[in-house]
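**Q** My questions all concern the structure below.
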Amino acid sequence: MTAIRLDRLTRRFGSSVALDSVSLDLQPGSFTALLGPSGCGKTTLLRLIAGFETPSEGSVWFGDRMMAGDQVLVAPEQRGIGIVFQSYALWPHLDVAGNVGYPLRMRGTARSAANRQVDEVLEIVGLTGFGARRIDELSGGQRQRVALARCLVGNNGIILFDEPLANLDMHLRATMVDVFRDIHQRTKATIVYVTHDQAEALALADKVAVMERGRVLQYAAPTAVYHQPADMAVARFVGRGNLVPAVAQVDGSVLLAGHRFQARASEAFSGPAHVLLRPEALRLGEEGLPARVMSSTYRGPVHELRLSLTGEAGELVVDHPAPVASGTDVRVAVADAWAMPG
Ligand SMILES: Nc1ncnc2c1ncn2[C@@H]1O[C@H](COP(=O)(O)OP(=O)(O)OP(=O)(O)O)[C@@H](O)[C@H]1O
């Protein structure tokens with residue numbers, strides 16, 4: 001368990017700024033997912049922590065030890081972190097035990113102690129008895145478990161994941177999410193996880209850093225970034241939702257399409273607002289926002305209705321148990337809403 005501290009960390013490539021003065025304190029044993037649109041700086045941030053990139057400005061600390069910044073640059077192999085990439089980066093000529101034990105051999109760990117550690121981590125990742133298997137005799141999921149086991153023997157309490165499940169199919173991803181959660185609980189390592197998959201990030205992480213254009217817009221628990229997004233960019237990026245212009249009233253309600261309802265907000269305000277309405281917090285009912293159904297799409301468990309609010313006040317997506325014909329006039333009851341100024 002090691003804290004990671006980033007202090008005004010900046011990385012430029014020529015005139016473009018990939019990471020723009022990011023300060024973050026990652027608590028020991030925390031599991032942070034980096035989320036954000038392509039090119040927002042997630043991989044750059046991960047590579048700066050790992051030591052594959054050098055900061056243009058600012059510093060990286062593991063506990064009270066500076067890893068990079070101010071004349072200091074600790075080499076990646078000296079940082080003692082475990083890293084799991086999307087490509088497994090395994091040695092095909094070594095068997096499973098050979099791959100997993102590689103960091104220990106590099107460090108000169110005695111053979112018997114190394115074997116014991118290898119057996120331990122193979123058990124953790126669910127590969128007991130696979131030590132003598134060749135890499136090319138393994139499935140994709142098993143290879144990723146080997147990579148995971150290797151990173152577990154070689155780390156000092158910090159593990160970095162760079163899109164580790166991107167190459168696996170949906171079912172395998174779900175299984176591996178359970179494996180990662182189990183590993184976090186067992187090792188109590190400080191984990192930083194880069195993914196494009198929001199569901200994965202929200203399910204695994206205890207903190208999510210939502211990034212845009214090299215900056216961290218919000219660093220908070222998954223439920224907070226989902227239910228109390230810091231600004232409209234976070235609201236737009238995280239989860240499915242409707243962000244509709246409305247007018248906030250002094251009493252904490254909002255006015256939308258001639259209808260008034262209560263909304264939560266980070267602090268009291270009135271005037272121009274945008275209100276975030278999650279599909280699961282909306283129901284068709286007798287009363288509520290007046291709207292007309294534009295389309296109805298079957299999504300497995302629900303029918304996703306696309307609605308147009310009366311008076312061209314905006315569009316809404318609502319989950320509904322049955323299809324509804326286009327052109328039907330409906331009312332939408334709002335169970336929960338989050339208002340933001342602007
Ligand atoms: N070696 C490099 N040279 C020049 N520009 C780079 C380099 N590495 C990254 N960048 C730029 O820095 C920005 C951030 O890139 P980064 O790879 O960190 O984004 P990302 O959020 O990981 O994106 P993705 O989700 O697509 O992987 C991008 O604009 C990218 O083009």
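Ligands are numbered from 1 in the order shown, residues from 1 within each chain, and chains are lettered A, B, ... in the order they appear in the structure tokens.
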Grab me every residue within 8 Å of ligand 1, counting only C-alpha atoms and all ligand atoms, and send it over as an MDAnalysis selection string.
**A** chainID A and resid 12:14 16:19 35:45 194:196 211 213:214
**Q** Name the residues in contact with range 281-295 of chain A at a cut-off of 6 Å, using only C-alpha atoms, excluding same-chain residues fewer than 2 positions from it; report them as a list of chain:residue names.
**A** A:His259, A:Arg278, A:Pro279, A:Leu305, A:Arg306, A:Leu307, A:Ser308, A:Leu309, A:Thr310, A:Ser326, A:Gly327, A:Thr328, A:Asp329, A:Val330, A:Arg331, A:Val332, A:Ala333, A:Val334, A:Ala335, A:Asp336
**Q** Restricting the output to C-alpha atoms, write the selected residues as a PDB file, in the first residue's frame.
**A**
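Written output follows (out-v9.pdb):
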ATOM      1  CA  HIS A 259     -43.480  22.034 -15.589  1.00  0.00           C
ATOM      2  CA  ARG A 278     -31.053   9.893 -15.882  1.00  0.00           C
ATOM      3  CA  PRO A 279     -33.278   7.526 -17.904  1.00  0.00           C
ATOM      4  CA  LEU A 305     -37.975   5.859 -25.845  1.00  0.00           C
ATOM      5  CA  ARG A 306     -36.718   9.047 -27.446  1.00  0.00           C
ATOM      6  CA  LEU A 307     -39.037  11.924 -26.587  1.00  0.00           C
ATOM      7  CA  SER A 308     -39.336  15.517 -27.675  1.00  0.00           C
ATOM      8  CA  LEU A 309     -40.401  17.885 -24.900  1.00  0.00           C
ATOM      9  CA  THR A 310     -43.308  20.211 -25.665  1.00  0.00           C
ATOM     10  CA  SER A 326     -44.187   7.308 -32.396  1.00  0.00           C
ATOM     11  CA  GLY A 327     -46.363  10.415 -32.163  1.00  0.00           C
ATOM     12  CA  THR A 328     -47.970   9.414 -28.838  1.00  0.00           C
ATOM     13  CA  ASP A 329     -48.314  12.298 -26.381  1.00  0.00           C
ATOM     14  CA  VAL A 330     -47.053  11.343 -22.927  1.00  0.00           C
ATOM     15  CA  ARG A 331     -46.192  12.785 -19.528  1.00  0.00           C
ATOM     16  CA  VAL A 332     -42.861  12.109 -17.855  1.00  0.00           C
ATOM     17  CA  ALA A 333     -42.646  11.987 -14.067  1.00  0.00           C
ATOM     18  CA  VAL A 334     -39.237  12.979 -12.682  1.00  0.00           C
ATOM     19  CA  ALA A 335     -38.082  10.951  -9.653  1.00  0.00           C
ATOM     20  CA  ASP A 336     -34.626  12.511  -9.453  1.00  0.00           C
TER      21      ASP A 336
END
**Q** Work out how far CA of Ala322 in chain A is from CA of Ala246 in chain A, in Å to one decimal.
**A**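 Going from CA of Ala246 in chain A over to CA of Ala322 in chain A covers 28.5 Å.
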**Q** Quick one: residues within 8 Å of Thr2 in chain A, only C-alpha atoms, excluding same-chain residues fewer than 2 positions away - as a list in words?
**A**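 So the residues in contact are Ile4, Gln27, Pro28, Gly29, Phe62, Gly63, Asn156, Gly157, Ile158, Ala189 and Thr190 of chain A.
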**Q** Which parts of range 117-329 of chain A does DSSP call helix (DSSP H, G or I) when run on the backbone here, written out as an MDAnalysis selection string?
**A** chainID A and resid 117:124 135:137 140:153 170:187 198:204 222:227 232:237 279:281
**Q** Can you pull out the residues contacting Pro55 in chain A? Cut-off 9 Å, using only C-alpha atoms, and skip same-chain residues under 2 positions away; I want them as a ChimeraX atom specification.
**A** /A:9-12,48,53,57-60,68-69
**Q** Any chance you could export the current selection's N, CA and C atoms as a PDB file, in the first residue's frame?
**A**
ATOM      1  N   LEU A   9       1.222  18.226 -12.177  1.00  0.00           N
ATOM      2  CA  LEU A   9       1.919  17.424 -13.181  1.00  0.00           C
ATOM      3  C   LEU A   9       1.502  17.865 -14.588  1.00  0.00           C
ATOM      4  N   THR A  10       2.497  18.221 -15.384  1.00  0.00           N
ATOM      5  CA  THR A  10       2.245  18.701 -16.743  1.00  0.00           C
ATOM      6  C   THR A  10       3.142  17.946 -17.702  1.00  0.00           C
ATOM      7  N   ARG A  11       2.566  17.563 -18.844  1.00  0.00           N
ATOM      8  CA  ARG A  11       3.375  16.945 -19.892  1.00  0.00           C
ATOM      9  C   ARG A  11       3.014  17.576 -21.232  1.00  0.00           C
ATOM     10  N   ARG A  12       4.007  18.170 -21.870  1.00  0.00           N
ATOM     11  CA  ARG A  12       3.782  18.759 -23.197  1.00  0.00           C
ATOM     12  C   ARG A  12       4.475  17.914 -24.242  1.00  0.00           C
ATOM     13  N   LEU A  48       3.344   8.543 -16.903  1.00  0.00           N
ATOM     14  CA  LEU A  48       4.127   9.412 -16.013  1.00  0.00           C
ATOM     15  C   LEU A  48       4.290   8.755 -14.643  1.00  0.00           C
ATOM     16  N   GLU A  53       7.262   8.121 -19.127  1.00  0.00           N
ATOM     17  CA  GLU A  53       7.282   9.514 -19.601  1.00  0.00           C
ATOM     18  C   GLU A  53       7.909  10.366 -18.514  1.00  0.00           C
ATOM     19  N   GLU A  57       6.648  19.563 -16.240  1.00  0.00           N
ATOM     20  CA  GLU A  57       6.635  20.303 -14.973  1.00  0.00           C
ATOM     21  C   GLU A  57       5.923  19.467 -13.929  1.00  0.00           C
ATOM     22  N   GLY A  58       6.123  19.804 -12.672  1.00  0.00           N
ATOM     23  CA  GLY A  58       5.420  19.126 -11.590  1.00  0.00           C
ATOM     24  C   GLY A  58       6.133  17.857 -11.157  1.00  0.00           C
ATOM     25  N   SER A  59       5.521  17.135 -10.228  1.00  0.00           N
ATOM     26  CA  SER A  59       6.214  15.981  -9.668  1.00  0.00           C
ATOM     27  C   SER A  59       5.281  14.804  -9.385  1.00  0.00           C
ATOM     28  N   VAL A  60       5.900  13.622  -9.300  1.00  0.00           N
ATOM     29  CA  VAL A  60       5.210  12.364  -8.969  1.00  0.00           C
ATOM     30  C   VAL A  60       5.841  11.813  -7.698  1.00  0.00           C
ATOM     31  N   ALA A  68       9.649  11.563  -9.705  1.00  0.00           N
ATOM     32  CA  ALA A  68       9.982  12.399 -10.859  1.00  0.00           C
ATOM     33  C   ALA A  68       9.702  13.849 -10.527  1.00  0.00           C
ATOM     34  N   GLY A  69      10.550  14.722 -10.996  1.00  0.00           N
ATOM     35  CA  GLY A  69      10.366  16.158 -10.781  1.00  0.00           C
ATOM     36  C   GLY A  69      11.638  16.750 -10.223  1.00  0.00           C
TER      37      GLY A  69
END
**Q** Find the residues around range 239-243 of chain A up to 6 Å (only C-alpha atoms counted), leave out those fewer than 4 positions away in its own chain, and share them as a ChimeraX atom specification.
**A** /A:275-278,316
**Q** Quick one: everything within 8 Å of Val225 in chain A, counting only C-alpha atoms, minus sequence neighbours fewer than 6 positions away in the same chain. Send it as a ChimeraX atom specification.
**A** /A:208,218-219,234-235,238
**Q** Check range 41-201 of chain A with DSSP on the backbone and list each residue it calls strand (DSSP E), as a PyMOL selection string.
**A** chain A and resi 57-62+65-69+72-73+82-85+158-162+190-194
**Q** Using only C-alpha atoms for the distances, tell me which of A:Arg264, A:Val216, A:Arg116, A:Tyr102 is nearest to Arg8 in chain A.
**A**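 Of A:Arg264, A:Val216, A:Arg116, A:Tyr102, the one nearest Arg8 in chain A is A:Val216, counting only C-alpha atoms.
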**Q** Within 8 Å of Pro103 in chain A, counting only C-alpha atoms, which residues qualify if same-chain residues fewer than 3 places away don't, as a ChimeraX atom specification?
**A** /A:100,106-107,150,153-154
**Q** Kindly give the distance, in Å, that separates CA of Ala257 in chain A and CA of Ala337 in chain A, rounded to a single decimal.
**A**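 Result for CA of Ala257 in chain A versus CA of Ala337 in chain A: 14.7 Å, one decimal.
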**Q** Which of these, A:Met1, A:Ile83, A:Val125, A:Leu165, has the shortest distance to Arg47 in chain A once you count only C-alpha atoms?
**A**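 Of A:Met1, A:Ile83, A:Val125, A:Leu165, the one nearest Arg47 in chain A, counting only C-alpha atoms, is A:Ile83.
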**Q** Between A:Ala339, A:Glu312, A:Gln142, A:Ala147, which is the closest to Pro272 in chain A once you count only C-alpha atoms?
**A**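 Going through A:Ala339, A:Glu312, A:Gln142, A:Ala147 one by one, the smallest distance to Pro272 in chain A is for A:Ala339.
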**Q** Taking into account only C-alpha atoms, which residue in the set A:Val302, A:Ile159, A:Cys151, A:Val254 is nearest to His184 in chain A?
**A** A:Ile159
**Q** Suppose you want the space between CA of Pro164 in chain A and CA of Met176 in chain A; what is it in Å?
**A**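 It comes out at 9.4 Å.
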**Q** Which is closest to Val72 in chain A among A:Ser266, A:Ala110, A:Asp231, A:Thr54, if we use only C-alpha atoms?
**A**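 Nearest candidate to Val72 in chain A out of A:Ser266, A:Ala110, A:Asp231, A:Thr54: A:Thr54.
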